[in-house]
file target_34.cif (mmCIF, C-alpha atoms)
data_query
loop_
_atom_site.label_atom_id
_atom_site.label_comp_id
_atom_site.auth_asym_id
_atom_site.auth_seq_id
_atom_site.Cartn_x
_atom_site.Cartn_y
_atom_site.Cartn_z
CA MET A 1 -78.75 -37.64 -3.39
CA PRO A 2 -78.81 -34.71 -0.89
CA HIS A 3 -77.94 -31.24 -2.15
CA VAL A 4 -74.35 -30.20 -1.51
CA PRO A 5 -73.27 -26.54 -1.91
CA ALA A 6 -71.09 -26.00 -5.00
CA ASP A 7 -67.97 -24.95 -3.05
CA GLU A 8 -68.21 -27.99 -0.81
CA ARG A 9 -68.76 -30.27 -3.79
CA ARG A 10 -65.73 -28.77 -5.57
CA GLN A 11 -63.55 -29.56 -2.57
CA GLN A 12 -64.95 -33.09 -2.36
CA LEU A 13 -64.09 -33.65 -6.01
CA VAL A 14 -60.57 -32.26 -5.56
CA ASP A 15 -60.04 -34.51 -2.53
CA ALA A 16 -61.39 -37.48 -4.48
CA THR A 17 -59.02 -36.72 -7.36
CA LEU A 18 -56.08 -36.71 -4.95
CA ARG A 19 -57.09 -40.10 -3.54
CA VAL A 20 -57.74 -41.72 -6.91
CA VAL A 21 -54.52 -40.48 -8.53
CA ALA A 22 -52.46 -41.42 -5.47
CA ARG A 23 -53.96 -44.89 -5.36
CA GLU A 24 -54.49 -45.73 -9.03
CA GLY A 25 -52.48 -43.24 -11.11
CA MET A 26 -53.53 -40.71 -13.71
CA ALA A 27 -54.46 -43.37 -16.27
CA ASN A 28 -57.32 -44.54 -14.05
CA ALA A 29 -58.42 -41.11 -12.84
CA THR A 30 -61.47 -40.90 -15.08
CA THR A 31 -64.28 -38.50 -14.31
CA ARG A 32 -66.52 -41.47 -13.59
CA ARG A 33 -64.00 -42.94 -11.12
CA ILE A 34 -63.46 -39.56 -9.42
CA ALA A 35 -67.19 -38.92 -9.12
CA GLN A 36 -67.70 -42.37 -7.64
CA GLU A 37 -64.92 -41.73 -5.11
CA ALA A 38 -66.56 -38.43 -4.12
CA GLY A 39 -70.02 -39.97 -3.84
CA ALA A 40 -71.25 -37.66 -6.60
CA SER A 41 -72.52 -37.94 -10.14
CA THR A 42 -70.38 -37.22 -13.19
CA ALA A 43 -72.74 -34.34 -13.85
CA ALA A 44 -71.46 -32.75 -10.64
CA ILE A 45 -67.97 -32.59 -12.11
CA HIS A 46 -69.24 -30.82 -15.22
CA TYR A 47 -71.24 -28.45 -13.05
CA CYS A 48 -68.33 -27.56 -10.74
CA PHE A 49 -65.52 -27.54 -13.31
CA SER A 50 -65.40 -26.37 -16.90
CA SER A 51 -63.34 -29.40 -17.91
CA LYS A 52 -61.32 -32.31 -16.58
CA GLU A 53 -58.23 -30.12 -16.99
CA ASP A 54 -59.85 -27.51 -14.77
CA LEU A 55 -60.40 -30.16 -12.09
CA TYR A 56 -56.78 -31.29 -12.31
CA LEU A 57 -55.57 -27.69 -12.08
CA ALA A 58 -57.70 -27.12 -8.97
CA THR A 59 -56.18 -30.29 -7.52
CA TYR A 60 -52.65 -29.02 -8.18
CA LYS A 61 -53.51 -25.67 -6.59
CA SER A 62 -54.68 -27.50 -3.47
CA LEU A 63 -51.27 -29.19 -3.24
CA VAL A 64 -49.49 -25.85 -3.56
CA ASP A 65 -51.68 -24.53 -0.73
CA GLN A 66 -50.89 -27.60 1.36
CA GLU A 67 -47.14 -27.10 0.99
CA ARG A 68 -47.40 -23.36 1.71
CA GLY A 69 -49.33 -24.15 4.87
CA MET A 70 -46.38 -26.06 6.33
CA SER A 71 -44.41 -22.89 7.09
CA ASP A 72 -44.52 -19.18 6.32
CA LEU A 73 -41.31 -18.25 4.52
CA THR A 74 -42.23 -14.70 3.53
CA GLY A 75 -39.91 -13.39 6.24
CA TYR A 76 -37.00 -14.41 4.02
CA ALA A 77 -38.11 -12.17 1.15
CA GLY A 78 -35.16 -10.15 -0.08
CA ASP A 79 -32.58 -12.66 1.20
CA LEU A 80 -32.26 -14.68 -2.00
CA PRO A 81 -29.65 -17.24 -0.87
CA GLU A 82 -31.55 -18.16 2.29
CA ALA A 83 -34.98 -17.97 0.64
CA ALA A 84 -33.91 -20.42 -2.07
CA ALA A 85 -32.56 -22.88 0.50
CA ARG A 86 -35.63 -22.61 2.72
CA ILE A 87 -37.98 -23.20 -0.22
CA LEU A 88 -36.10 -26.34 -1.21
CA THR A 89 -36.05 -27.62 2.38
CA ARG A 90 -39.77 -26.97 2.80
CA GLY A 91 -40.48 -28.88 -0.41
CA THR A 92 -38.54 -31.86 0.86
CA GLU A 93 -40.25 -31.89 4.24
CA TRP A 94 -43.66 -31.51 2.58
CA ALA A 95 -42.95 -34.53 0.39
CA ILE A 96 -41.84 -36.59 3.40
CA ASP A 97 -44.91 -35.59 5.42
CA TYR A 98 -47.32 -35.98 2.47
CA PRO A 99 -45.78 -38.55 0.09
CA ASP A 100 -49.06 -39.20 -1.74
CA SER A 101 -49.46 -35.48 -2.38
CA ALA A 102 -45.92 -35.25 -3.74
CA ARG A 103 -46.50 -38.15 -6.11
CA VAL A 104 -49.81 -36.70 -7.29
CA ALA A 105 -48.18 -33.32 -7.96
CA TYR A 106 -45.50 -35.05 -10.01
CA GLU A 107 -48.04 -37.12 -11.94
CA LEU A 108 -50.22 -34.08 -12.65
CA THR A 109 -47.22 -32.19 -14.00
CA LEU A 110 -46.22 -35.05 -16.30
CA TRP A 111 -49.82 -35.56 -17.41
CA ALA A 112 -50.22 -31.89 -18.29
CA GLY A 113 -47.07 -32.02 -20.41
CA ARG A 114 -48.12 -35.18 -22.25
CA HIS A 115 -51.72 -34.16 -22.90
CA HIS A 116 -51.12 -30.67 -24.23
CA VAL A 117 -53.74 -29.90 -26.88
CA ASP A 118 -54.53 -26.78 -28.91
CA GLY A 119 -55.51 -23.96 -26.61
CA ASP A 120 -54.80 -25.93 -23.42
CA ALA A 121 -52.25 -24.16 -21.21
CA THR A 122 -52.55 -26.48 -18.22
CA ALA A 123 -48.86 -27.43 -18.25
CA VAL A 124 -47.80 -23.78 -18.43
CA THR A 125 -50.26 -22.82 -15.70
CA ILE A 126 -48.99 -25.55 -13.38
CA TYR A 127 -45.39 -24.44 -13.89
CA GLU A 128 -46.27 -20.78 -13.36
CA LEU A 129 -48.13 -21.64 -10.16
CA SER A 130 -44.92 -23.13 -8.79
CA LEU A 131 -42.83 -20.18 -9.99
CA ASN A 132 -45.19 -17.63 -8.48
CA GLU A 133 -45.13 -19.48 -5.16
CA ILE A 134 -41.34 -19.17 -5.13
CA TYR A 135 -41.46 -15.51 -6.15
CA ALA A 136 -43.78 -14.84 -3.22
CA VAL A 137 -41.02 -16.01 -0.87
CA MET A 138 -38.04 -14.50 -2.68
CA VAL A 139 -39.37 -11.06 -3.53
CA PRO A 140 -40.94 -8.60 -1.08
CA ALA A 141 -44.50 -7.86 -2.16
CA ASP A 142 -43.81 -4.15 -2.62
CA GLN A 143 -40.99 -4.71 -5.13
CA GLY A 144 -43.24 -5.54 -8.06
CA ASN A 145 -42.17 -7.99 -10.76
CA PRO A 146 -39.11 -10.13 -9.96
CA ALA A 147 -35.81 -9.33 -11.67
CA PRO A 148 -34.59 -11.76 -14.37
CA SER A 149 -31.92 -13.06 -11.97
CA VAL A 150 -34.63 -14.08 -9.51
CA GLY A 151 -36.34 -15.98 -12.31
CA VAL A 152 -33.15 -17.93 -12.97
CA LEU A 153 -32.87 -18.87 -9.29
CA ALA A 154 -36.55 -19.80 -9.03
CA ARG A 155 -36.34 -22.08 -12.07
CA LEU A 156 -33.22 -23.69 -10.64
CA VAL A 157 -35.05 -24.42 -7.36
CA ILE A 158 -37.84 -26.18 -9.29
CA ALA A 159 -35.37 -28.19 -11.37
CA ILE A 160 -33.44 -29.35 -8.29
CA MET A 161 -36.63 -30.20 -6.39
CA ASP A 162 -37.92 -32.29 -9.29
CA GLY A 163 -34.64 -34.21 -9.43
CA LEU A 164 -34.57 -34.81 -5.69
CA LEU A 165 -38.17 -36.04 -5.76
CA LEU A 166 -37.51 -38.43 -8.62
CA GLN A 167 -34.56 -39.95 -6.76
CA TRP A 168 -36.63 -40.30 -3.59
CA PHE A 169 -39.52 -41.93 -5.44
CA ALA A 170 -37.00 -44.47 -6.76
CA HIS A 171 -34.96 -45.31 -3.66
CA GLU A 172 -37.39 -44.26 -0.89
CA ASP A 173 -34.48 -43.44 1.41
CA THR A 174 -35.67 -40.49 3.48
CA ASP A 175 -32.32 -39.92 5.20
CA ARG A 176 -30.59 -39.70 1.83
CA PHE A 177 -33.35 -37.40 0.57
CA ARG A 178 -32.68 -34.98 3.42
CA GLU A 179 -28.91 -35.25 3.01
CA ASP A 180 -29.10 -34.56 -0.72
CA THR A 181 -31.40 -31.62 -0.03
CA ALA A 182 -28.91 -30.18 2.45
CA SER A 183 -26.12 -30.51 -0.15
CA ALA A 184 -28.31 -28.85 -2.76
CA CYS A 185 -29.03 -25.99 -0.35
CA VAL A 186 -25.29 -25.34 0.05
CA MET A 187 -24.98 -25.20 -3.73
CA LEU A 188 -28.00 -22.92 -4.07
CA ARG A 189 -26.73 -20.49 -1.45
CA ARG A 190 -23.34 -20.26 -3.15
CA PHE A 191 -24.89 -19.80 -6.56
CA ALA A 192 -27.25 -17.10 -5.29
CA MET A 193 -24.45 -15.24 -3.52
CA ALA A 194 -22.25 -15.38 -6.64
CA MET A 195 -25.15 -14.14 -8.73
CA LEU A 196 -25.69 -11.20 -6.37
CA ASP A 197 -21.97 -10.40 -6.45
CA ASP A 198 -22.04 -10.32 -10.24
CA LEU A 199 -25.03 -7.99 -10.22
CA ALA A 200 -23.31 -5.67 -7.74
CA ALA A 201 -20.07 -5.53 -9.77
#
call {"tool": "encode", "arguments": {"input": "target_34.cif", "output": "structure tokens"}}
result
Amino acid sequence: MPHVPADERRQQLVDATLRVVAREGMANATTRRIAQEAGASTAAIHYCFSSKEDLYLATYKSLVDQERGMSDLTGYAGDLPEAAARILTRGTEWAIDYPDSARVAYELTLWAGRHHVDGDATAVTIYELSLNEIYAVMVPADQGNPAPSVGVLARLVIAIMDGLLLQWFAHEDTDRFREDTASACVMLRRFAMAMLDDLAA
């Protein structure tokens, strides 16, 4: 087997994980199956990643990067109502453009929650990755840590996105998915504006 640089092999294994989980589900995403998909040995996984959880986390990070790459929303930082709506809309369009990626992200999140073991913070890390991605859009970089109110809004965006995705996975009606997202954006904008009014009072 020809030598492959470690960074390249890591990416191959992440890509293989995405394909295997999308095609066969988490239950069948064994290290042996992933290595086979990548054209590598199982030893390569242990060399490139400290654990299977580490591989799954790297896979989730790649999905976050993929969604971020669809559009730069940092220009909305500081405009909480519009930022929240834009984040939700981008998530919907990402899922429509990359349905396998959306399903894998959902499966990874559920897997991390079900397989929590002592000392394993994979589920928390996955959730915080999503929160931090939202904070990066909502809060200008020079403002430091987000205010508690921003945290409430960010968590609400995640909760709504998860619900919209679950409905779409069930009915596979893309027009309805977009319509429901638009309705949710109206709600988010109103909630964010009311929250800002309360803070200003």
call {"tool": "residues_around", "arguments": {"input": "target_34.cif", "residues": "Tyr106 in chain A", "least_positions_apart": "6", "cutoff": "9 Å", "atoms": "only C-alpha atoms", "output": "list in words"}}
result
Asp162, Leu165 and Leu166 of chain A
call {"tool": "closest_residue", "arguments": {"input": "target_34.cif", "among": "A:Gln11, A:Thr30, A:Tyr135, A:Ile126", "to": "Leu110 in chain A", "atoms": "only C-alpha atoms"}}
result
A:Ile126
call {"tool": "residues_around", "arguments": {"input": "target_34.cif", "residues": "Ala84 in chain A", "least_positions_apart": "6", "cutoff": "8 Å", "atoms": "only C-alpha atoms", "output": "list in words"}}
result
Met138, Leu153, Ala154, Val157, Cys185, Leu188 and Arg189 of chain A
call {"tool": "write_last_selection", "arguments": {"input": "target_34.cif", "atoms": "C-alpha atoms", "output": "PDB file, in the frame of the given file"}}
result
ATOM      1  CA  MET A 138     -38.040 -14.500  -2.680  1.00  0.00           C
ATOM      2  CA  LEU A 153     -32.870 -18.870  -9.290  1.00  0.00           C
ATOM      3  CA  ALA A 154     -36.550 -19.800  -9.030  1.00  0.00           C
ATOM      4  CA  VAL A 157     -35.050 -24.420  -7.360  1.00  0.00           C
ATOM      5  CA  CYS A 185     -29.030 -25.990  -0.350  1.00  0.00           C
ATOM      6  CA  LEU A 188     -28.000 -22.920  -4.070  1.00  0.00           C
ATOM      7  CA  ARG A 189     -26.730 -20.490  -1.450  1.00  0.00           C
TER       8      ARG A 189
END
call {"tool": "atom_distance", "arguments": {"input": "target_34.cif", "atom1": "CA of Val139 in chain A", "atom2": "CA of Asp79 in chain A"}}
result
8.4 Å
call {"tool": "closest_residue", "arguments": {"input": "target_34.cif", "among": "A:Ala38, A:Ile134, A:Ala102, A:Ala16", "to": "Arg86 in chain A", "atoms": "only C-alpha atoms"}}
result
A:Ile134
call {"tool": "atom_distance", "arguments": {"input": "target_34.cif", "atom1": "CA of Ala85 in chain A", "atom2": "CA of Arg178 in chain A"}}
result
12.4 Å
call {"tool": "resolve_selection", "arguments": {"input": "target_34.cif", "expression": "the PyMOL selection byres ((chain A and resi 90) around 12)", "output": "ChimeraX atom specification"}}
result
/A:64,66-73,83-89,91-98,134,137,157,161,178,181-182,185
call {"tool": "atom_distance", "arguments": {"input": "target_34.cif", "atom1": "CA of Ser62 in chain A", "atom2": "CA of Ala43 in chain A"}}
result
21.9 Å
call {"tool": "residues_around", "arguments": {"input": "target_34.cif", "residues": "Ile34 in chain A", "least_positions_apart": "2", "cutoff": "8 Å", "atoms": "only C-alpha atoms", "output": "PDB file with C-alpha atoms, in the coordinates of the input"}}
result
ATOM      1  CA  LEU A  13     -64.090 -33.650  -6.010  1.00  0.00           C
ATOM      2  CA  ALA A  16     -61.390 -37.480  -4.480  1.00  0.00           C
ATOM      3  CA  THR A  17     -59.020 -36.720  -7.360  1.00  0.00           C
ATOM      4  CA  VAL A  20     -57.740 -41.720  -6.910  1.00  0.00           C
ATOM      5  CA  ALA A  29     -58.420 -41.110 -12.840  1.00  0.00           C
ATOM      6  CA  THR A  30     -61.470 -40.900 -15.080  1.00  0.00           C
ATOM      7  CA  THR A  31     -64.280 -38.500 -14.310  1.00  0.00           C
ATOM      8  CA  ARG A  32     -66.520 -41.470 -13.590  1.00  0.00           C
ATOM      9  CA  GLN A  36     -67.700 -42.370  -7.640  1.00  0.00           C
ATOM     10  CA  GLU A  37     -64.920 -41.730  -5.110  1.00  0.00           C
ATOM     11  CA  ALA A  38     -66.560 -38.430  -4.120  1.00  0.00           C
TER      12      ALA A  38
END
call {"tool": "residues_around", "arguments": {"input": "target_34.cif", "residues": "Arg190 in chain A", "least_positions_apart": "2", "cutoff": "12 Å", "atoms": "all atoms listed in the file", "output": "ChimeraX atom specification"}}
result
/A:80-82,84-85,153,183-188,192-197
call {"tool": "closest_residue", "arguments": {"input": "target_34.cif", "among": "A:Cys48, A:Ala159, A:Leu199, A:Ala40", "to": "Asp7 in chain A", "atoms": "only C-alpha atoms"}}
result
A:Cys48
call {"tool": "closest_residue", "arguments": {"input": "target_34.cif", "among": "A:Val152, A:Asp173, A:Thr122, A:Asp65", "to": "Ser51 in chain A", "atoms": "all atoms listed in the file"}}
result
A:Thr122
call {"tool": "residues_around", "arguments": {"input": "target_34.cif", "residues": "Val21 in chain A", "least_positions_apart": "4", "cutoff": "9 Å", "atoms": "all atoms listed in the file", "output": "PyMOL selection string"}}
result
chain A and resi 16-17+25-29+100+103-104+107-108
call {"tool": "write_last_selection", "arguments": {"input": "target_34.cif", "atoms": "C-alpha atoms", "output": "PDB file, in the coordinates of the input"}}
result
ATOM      1  CA  ALA A  16     -61.390 -37.480  -4.480  1.00  0.00           C
ATOM      2  CA  THR A  17     -59.020 -36.720  -7.360  1.00  0.00           C
ATOM      3  CA  GLY A  25     -52.480 -43.240 -11.110  1.00  0.00           C
ATOM      4  CA  MET A  26     -53.530 -40.710 -13.710  1.00  0.00           C
ATOM      5  CA  ALA A  27     -54.460 -43.370 -16.270  1.00  0.00           C
ATOM      6  CA  ASN A  28     -57.320 -44.540 -14.050  1.00  0.00           C
ATOM      7  CA  ALA A  29     -58.420 -41.110 -12.840  1.00  0.00           C
ATOM      8  CA  ASP A 100     -49.060 -39.200  -1.740  1.00  0.00           C
ATOM      9  CA  ARG A 103     -46.500 -38.150  -6.110  1.00  0.00           C
ATOM     10  CA  VAL A 104     -49.810 -36.700  -7.290  1.00  0.00           C
ATOM     11  CA  GLU A 107     -48.040 -37.120 -11.940  1.00  0.00           C
ATOM     12  CA  LEU A 108     -50.220 -34.080 -12.650  1.00  0.00           C
TER      13      LEU A 108
END
call {"tool": "closest_residue", "arguments": {"input": "target_34.cif", "among": "A:Leu57, A:Ala6, A:Ile158, A:Ala112", "to": "Asn132 in chain A", "atoms": "only C-alpha atoms"}}
result
A:Ile158
call {"tool": "closest_residue", "arguments": {"input": "target_34.cif", "among": "A:Val14, A:Ala123, A:Ala35, A:Leu63", "to": "Ala105 in chain A", "atoms": "only C-alpha atoms"}}
result
A:Leu63
